[in-house]
Amino acid sequence: MSALTAVLYAALIAYLGGWYMDMWHGNFSLLLFILSVVTGLYWLAEIFRFKPAREKAAIQLASQDAARRAELAKQGIQRVDGDITEARERLLMQPWWLDWTAGLFPVIVVVFLMRSFLFEPFKIPTGSMIPTLEVGDLILVNKFHYGVRLPVINKKIIDNHAPKRGDVVVFRYPMDTRIDYIKRVVGLPGDEVSYLNHELRINGQPVPVTALGEQYDDLAYRYMLRFSERLGEVDHRIQQEKTPLSFNGSRYDFAFRDQCRHSLEGVVCKVPAGHLFVMGDNRDNSEDSRYWGFVPDENLVGRAFVVWMNFGNLGRIGAFH
């Protein structure tokens, strides 16, 4: 068993190493599920086989020692050298391969269940959600807000809240579901969303905005325009270039592409049933539904709601819209 455990750990290290060096995309949910199953099997084997076997060996050692002492006592020898305490403790001790498998099972399964059904941490890697979220923000995502889903296969089994305009959501990128994206919900099923010449409209109505002036963007190395925008019941900030940019159209062939009209001024889309139209708050520096289309409901991971840490700026910690 120690050799098998060593092989399993070597495979795990190779998988994580390749993932870290971008040799392949990892699936952390699947990895946690596999680790839970494997360590769970070791845990059951420890309870029903290995631990009883060690205890039986310790009892047998004590019995043999007692028999030896009784035999020597019959011969008049009362003082007998040899203490089996250390030997008994060594027999009862878990070997390393059980300590690093069965011993880790409770921790791994708790992390797996919490991450699958309650909250999952994410790190913001790009500036597409500036100014709401900055690069390096560590956020928490509520996994049950939009319903309870089975881990790994992401199948919804219990409904909860429906997505609302203004929600910040994490979802599996429709072009490559191995990658997670984070954007803001702009359009719901049935909505007509237009973004033309920097103006966002939903069902023909302009989305209210209030100018907040200019602010320097450390990531873009230039001043950007900031606005307060109201989507549904959510007030939040957005950022745009000072000079309007021509829209370069969609570079992707996506599902329901016929529901969108692209031009140099922007895009107009009718959101199909069971889908969402999402955009980044950094409007001129975000690849979102304007380019690659709609987010299917089954791709939703959860609703982001708090920055729990930013090691470069502790002032970032807190809830956000």
# chains A, B, ... in the order shown; residues from 1 in each chain; ligands from 1

call {"tool": "residues_around", "arguments": {"residues": "A:Tyr195", "least_positions_apart": "3", "cutoff": "10 Å", "atoms": "only C-alpha atoms", "output": "list in words"}}
result
His198, Glu199, Leu200, Arg201, Ile202, Pro206, Phe247, His262, Glu265, Gly266, Val267, Val268, Cys269 and Arg290 of chain A

call {"tool": "residues_around", "arguments": {"residues": "A:Met279", "least_positions_apart": "2", "cutoff": "8 Å", "atoms": "only C-alpha atoms", "output": "compact mmCIF listing (two decimals) with N, CA and C atoms, in the first residue's frame"}}
result
# COMPACT_ATOMS: atom_id res chain seq x y z
N LYS A 183 -18.27 38.77 -14.77
CA LYS A 183 -18.82 39.95 -15.42
C LYS A 183 -20.07 40.39 -14.67
N ARG A 184 -20.69 41.48 -15.16
CA ARG A 184 -21.92 41.98 -14.56
C ARG A 184 -23.10 41.66 -15.48
N VAL A 185 -24.20 41.21 -14.88
CA VAL A 185 -25.40 40.91 -15.65
C VAL A 185 -26.03 42.22 -16.13
N VAL A 186 -26.22 42.33 -17.45
CA VAL A 186 -26.83 43.51 -18.04
C VAL A 186 -28.20 43.18 -18.61
N PHE A 277 -26.98 38.31 -20.88
CA PHE A 277 -26.05 39.19 -21.57
C PHE A 277 -25.22 39.87 -20.49
N ASP A 281 -17.31 46.02 -16.23
CA ASP A 281 -17.46 47.42 -15.83
C ASP A 281 -16.40 48.31 -16.49
N ARG A 283 -15.63 49.17 -19.55
CA ARG A 283 -16.39 48.94 -20.77
C ARG A 283 -15.56 48.84 -22.05
N SER A 286 -12.93 45.10 -22.02
CA SER A 286 -13.56 43.88 -21.54
C SER A 286 -14.10 43.09 -22.72
N GLU A 287 -13.67 41.84 -22.84
CA GLU A 287 -14.27 40.93 -23.81
C GLU A 287 -15.45 40.26 -23.14
N ASP A 288 -16.64 40.52 -23.64
CA ASP A 288 -17.84 40.03 -22.97
C ASP A 288 -18.90 39.65 -24.00
N SER A 289 -20.16 39.71 -23.60
CA SER A 289 -21.24 39.26 -24.49
C SER A 289 -21.29 40.05 -25.80
N ARG A 290 -20.73 41.24 -25.84
CA ARG A 290 -20.69 42.00 -27.08
C ARG A 290 -19.87 41.27 -28.14

call {"tool": "closest_residue", "arguments": {"among": "A:Gln240, A:Gln94, A:Asn160, A:Ser116", "to": "A:Ile47", "atoms": "only C-alpha atoms"}}
result
A:Gln94

call {"tool": "residues_around", "arguments": {"residues": "A:Phe112", "least_positions_apart": "3", "cutoff": "8 Å", "atoms": "only C-alpha atoms", "output": "list of chain:residue names"}}
result
A:Ser29, A:Leu32, A:Phe33, A:Ser36, A:Ile108, A:Val109, A:Arg115, A:Ser116

call {"tool": "closest_residue", "arguments": {"among": "A:Asn313, A:Ser128, A:Thr5, A:Gln259", "to": "A:Phe294", "atoms": "only C-alpha atoms"}}
result
A:Gln259

call {"tool": "atom_distance", "arguments": {"atom1": "atom CA of A:Tyr252", "atom2": "atom CA of A:Trp24"}}
result
22.8 Å

call {"tool": "residues_around", "arguments": {"residues": "A:Asp191", "least_positions_apart": "2", "cutoff": "6 Å", "atoms": "only C-alpha atoms", "output": "PyMOL selection string"}}
result
chain A and resi 187-189+203+270-271

call {"tool": "closest_residue", "arguments": {"among": "A:Ala273, A:Ser194, A:Tyr291, A:Thr132", "to": "A:Ser228", "atoms": "only C-alpha atoms"}}
result
A:Thr132

call {"tool": "closest_residue", "arguments": {"among": "A:Pro121, A:Gly213, A:Gly302, A:Pro106", "to": "A:Ala162", "atoms": "only C-alpha atoms"}}
result
A:Gly302

call {"tool": "closest_residue", "arguments": {"among": "A:Asp81, A:Asp22, A:Phe311, A:Glu298", "to": "A:Asp159", "atoms": "only C-alpha atoms"}}
result
A:Glu298

call {"tool": "atom_distance", "arguments": {"atom1": "atom CA of A:Trp308", "atom2": "atom CA of A:Asp180"}}
result
18.6 Å

call {"tool": "residues_around", "arguments": {"residues": "stretch 134-139 of chain A", "least_positions_apart": "3", "cutoff": "12 Å", "atoms": "only C-alpha atoms", "output": "NGL selection string"}}
result
:A and (119-131 or 142 or 168-170 or 182 or 217-219 or 280-282 or 302-320)
